[in-house]
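Scroll down for the structure; my scribbles are underneath it.
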Amino acid sequence: MLIQVVTNLALFAIAISMLICLYRLIIGPSLPDRVVASDTISTNIVALLIVLSIKFTTQAYFDAALVIAILGFLTSVAMAKFLTGGSVFDRD
Amino acid sequence: MTAISWSELFTSFFILFGLFFILTGSLGLLRFPDVYSRLHAPTKSATLGVIGILIASIIHLGYTTGSWGVKEILITVFLFLTAPVGAHMMGRAAYLTGVPLSDKVVTDEYANSGKREEAGTKDADHTLQS
């Protein structure tokens, strides 16, 4: 089947992409580099879950994909707030 | 039995489309010289790649199971809304905490505003440069 071949290729390529992001996350010279790399890893996990849902023809992975997308965004925003002000939540 | 249906063909095309952009984003994250250009690469192209894979998922699951793909559209809208916001906040944080620009940068219009050194010296104990 064409779908199985293409989804296996996609899983392999997304794994390669996540390894590249992991390399940047390890060597990254500053802290924003590492945050961007982890954000890209979470985006790649979303793509990986959707490719799995295409491969198995089920809808069970979309909730996990949505949760991981929200978690990646919240991680990035919280790290940005921590870097600029030092406090994640604004206290009066 | 060599019949490949049109839905399989479109699904494979959109998966390969998204795959190209995801690999391009990771390659940009690996190869660009600067924090800001490295931030530009994955937040545009990896998001576009995820959108392509989501379109493939809408086509495939809509053809095989007959669902209308509400959750796919929800993930698409959420990624389109949040990826620029996160990238902007991360770039702003990187600039304000004094991460150096590349040598190839021609102009820095925000350099004379004085905000950069202030925020960079305020929390210098974060040890940003390793």
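Ligands are numbered from 1 in the order shown, residues from 1 within each chain, and chains are lettered A, B, ... in the order they appear in the structure tokens.
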
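With only C-alpha atoms taken into account, the protein and nucleic acid residues at most 10 Å from Phe13 of chain B (excluding it and anything under 3 positions from it in its own chain) are Val6 of chain A; Ser7, Glu8, Leu9, Phe10, Leu16, Phe17, Gly18, Leu19, Gly52, Ile53 and Ala56 of chain B.
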
Give the residues of chain B that lie within 7 Å of chain A; count only C-alpha atoms, and format the answer as a PDB file with N, CA and C atoms, in the first residue's frame.
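Generated file (result_16.pdb):
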```
ATOM      1  N   GLU B   8      -5.500   8.193  -1.724  1.00  0.00           N
ATOM      2  CA  GLU B   8      -4.153   7.784  -1.309  1.00  0.00           C
ATOM      3  C   GLU B   8      -3.094   8.673  -1.929  1.00  0.00           C
ATOM      4  N   SER B  12      -0.643  10.983   0.270  1.00  0.00           N
ATOM      5  CA  SER B  12       0.808  10.827   0.200  1.00  0.00           C
ATOM      6  C   SER B  12       1.481  12.125  -0.214  1.00  0.00           C
ATOM      7  N   LEU B  19       6.476  16.847   5.217  1.00  0.00           N
ATOM      8  CA  LEU B  19       7.755  16.274   5.599  1.00  0.00           C
ATOM      9  C   LEU B  19       8.917  17.130   5.117  1.00  0.00           C
ATOM     10  N   LEU B  23      11.618  18.872   7.712  1.00  0.00           N
ATOM     11  CA  LEU B  23      13.064  18.654   7.601  1.00  0.00           C
ATOM     12  C   LEU B  23      13.797  19.961   7.335  1.00  0.00           C
ATOM     13  N   SER B  26      14.150  21.825  10.681  1.00  0.00           N
ATOM     14  CA  SER B  26      15.188  21.283  11.556  1.00  0.00           C
ATOM     15  C   SER B  26      16.576  21.561  11.010  1.00  0.00           C
ATOM     16  N   LEU B  30      19.593  23.697  12.719  1.00  0.00           N
ATOM     17  CA  LEU B  30      20.956  23.190  12.879  1.00  0.00           C
ATOM     18  C   LEU B  30      21.988  24.151  12.302  1.00  0.00           C
ATOM     19  N   VAL B  35      20.724  33.184  17.051  1.00  0.00           N
ATOM     20  CA  VAL B  35      19.529  32.742  17.772  1.00  0.00           C
ATOM     21  C   VAL B  35      18.270  33.161  17.025  1.00  0.00           C
ATOM     22  N   LEU B  39      15.519  30.945  15.338  1.00  0.00           N
ATOM     23  CA  LEU B  39      14.139  30.985  15.807  1.00  0.00           C
ATOM     24  C   LEU B  39      13.177  31.156  14.648  1.00  0.00           C
ATOM     25  N   PRO B  42      12.414  27.156  12.433  1.00  0.00           N
ATOM     26  CA  PRO B  42      11.428  26.111  12.743  1.00  0.00           C
ATOM     27  C   PRO B  42      10.026  26.624  13.001  1.00  0.00           C
ATOM     28  N   VAL B  50       3.462  20.769   9.771  1.00  0.00           N
ATOM     29  CA  VAL B  50       2.392  20.139  10.546  1.00  0.00           C
ATOM     30  C   VAL B  50       1.033  20.413   9.905  1.00  0.00           C
ATOM     31  N   ILE B  53       0.631  17.917   7.056  1.00  0.00           N
ATOM     32  CA  ILE B  53       0.304  16.567   7.532  1.00  0.00           C
ATOM     33  C   ILE B  53      -1.133  16.526   8.048  1.00  0.00           C
ATOM     34  N   LEU B  54      -1.594  17.633   8.636  1.00  0.00           N
ATOM     35  CA  LEU B  54      -2.992  17.677   9.096  1.00  0.00           C
ATOM     36  C   LEU B  54      -3.964  17.657   7.924  1.00  0.00           C
ATOM     37  N   SER B  57      -4.187  14.187   6.884  1.00  0.00           N
ATOM     38  CA  SER B  57      -5.019  13.427   7.823  1.00  0.00           C
ATOM     39  C   SER B  57      -6.498  13.689   7.587  1.00  0.00           C
ATOM     40  N   HIS B  60      -7.392  11.669   4.412  1.00  0.00           N
ATOM     41  CA  HIS B  60      -7.386  10.214   4.601  1.00  0.00           C
ATOM     42  C   HIS B  60      -8.510   9.755   5.519  1.00  0.00           C
ATOM     43  N   LEU B  61      -8.643  10.383   6.700  1.00  0.00           N
ATOM     44  CA  LEU B  61      -9.680   9.936   7.624  1.00  0.00           C
ATOM     45  C   LEU B  61     -11.066  10.303   7.130  1.00  0.00           C
ATOM     46  N   LYS B  71     -11.268  17.958  14.979  1.00  0.00           N
ATOM     47  CA  LYS B  71     -10.067  18.087  15.815  1.00  0.00           C
ATOM     48  C   LYS B  71      -8.855  18.499  14.995  1.00  0.00           C
ATOM     49  N   ILE B  75      -6.572  21.737  15.841  1.00  0.00           N
ATOM     50  CA  ILE B  75      -5.111  21.760  15.994  1.00  0.00           C
ATOM     51  C   ILE B  75      -4.494  22.759  15.017  1.00  0.00           C
ATOM     52  N   THR B  82      -0.730  30.141  17.879  1.00  0.00           N
ATOM     53  CA  THR B  82       0.242  30.191  18.959  1.00  0.00           C
ATOM     54  C   THR B  82       1.691  30.187  18.501  1.00  0.00           C
ATOM     55  N   GLY B  86       4.516  32.557  20.412  1.00  0.00           N
ATOM     56  CA  GLY B  86       5.629  31.962  21.132  1.00  0.00           C
ATOM     57  C   GLY B  86       6.974  32.371  20.562  1.00  0.00           C
ATOM     58  N   MET B  89       7.681  36.046  21.574  1.00  0.00           N
ATOM     59  CA  MET B  89       8.083  36.212  22.972  1.00  0.00           C
ATOM     60  C   MET B  89       9.475  35.658  23.212  1.00  0.00           C
ATOM     61  N   MET B  90       9.812  34.578  22.528  1.00  0.00           N
ATOM     62  CA  MET B  90      11.135  33.992  22.725  1.00  0.00           C
ATOM     63  C   MET B  90      12.213  34.885  22.123  1.00  0.00           C
ATOM     64  N   ALA B  93      12.642  37.887  24.433  1.00  0.00           N
ATOM     65  CA  ALA B  93      13.392  37.513  25.633  1.00  0.00           C
ATOM     66  C   ALA B  93      14.867  37.339  25.318  1.00  0.00           C
ATOM     67  N   ALA B  94      15.164  36.748  24.158  1.00  0.00           N
ATOM     68  CA  ALA B  94      16.566  36.559  23.781  1.00  0.00           C
ATOM     69  C   ALA B  94      17.249  37.898  23.553  1.00  0.00           C
ATOM     70  N   LEU B  96      16.349  40.894  24.852  1.00  0.00           N
ATOM     71  CA  LEU B  96      16.440  41.699  26.061  1.00  0.00           C
ATOM     72  C   LEU B  96      17.455  41.152  27.046  1.00  0.00           C
ATOM     73  N   THR B  97      17.706  39.871  27.024  1.00  0.00           N
ATOM     74  CA  THR B  97      18.702  39.333  27.937  1.00  0.00           C
ATOM     75  C   THR B  97      20.095  39.344  27.345  1.00  0.00           C
ATOM     76  N   LEU B 128      23.468  33.075  30.951  1.00  0.00           N
ATOM     77  CA  LEU B 128      22.902  32.723  29.656  1.00  0.00           C
ATOM     78  C   LEU B 128      23.954  32.175  28.716  1.00  0.00           C
ATOM     79  N   GLN B 129      25.136  32.751  28.768  1.00  0.00           N
ATOM     80  CA  GLN B 129      26.172  32.300  27.833  1.00  0.00           C
ATOM     81  C   GLN B 129      26.976  31.197  28.475  1.00  0.00           C
ATOM     82  N   SER B 130      26.892  30.037  27.947  1.00  0.00           N
ATOM     83  CA  SER B 130      27.644  28.919  28.522  1.00  0.00           C
ATOM     84  C   SER B 130      28.868  28.653  27.664  1.00  0.00           C
TER      85      SER B 130
END
```

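Each of B:Gly62, B:Gly49, B:Gly91, B:Pro84 was compared to Tyr36 of chain B using only C-alpha atoms, and B:Gly91 turns out to be the nearest.
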
Item to check | All alpha helix (DSSP H) residues (DSSP, backbone) inside chain A, as number ranges by chain | outcome: A: 2-27, 31-56, 62-84

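Between atom CA of Val105 of chain B and atom CA of Ala87 of chain B there is a distance of 19.4 Å.
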
Item to check | Two-atom distance - atom CA of Gly98 of chain B, atom CA of Ser38 of chain A (Å) | outcome: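 Going from atom CA of Gly98 of chain B over to atom CA of Ser38 of chain A, I get 20.7 Å.
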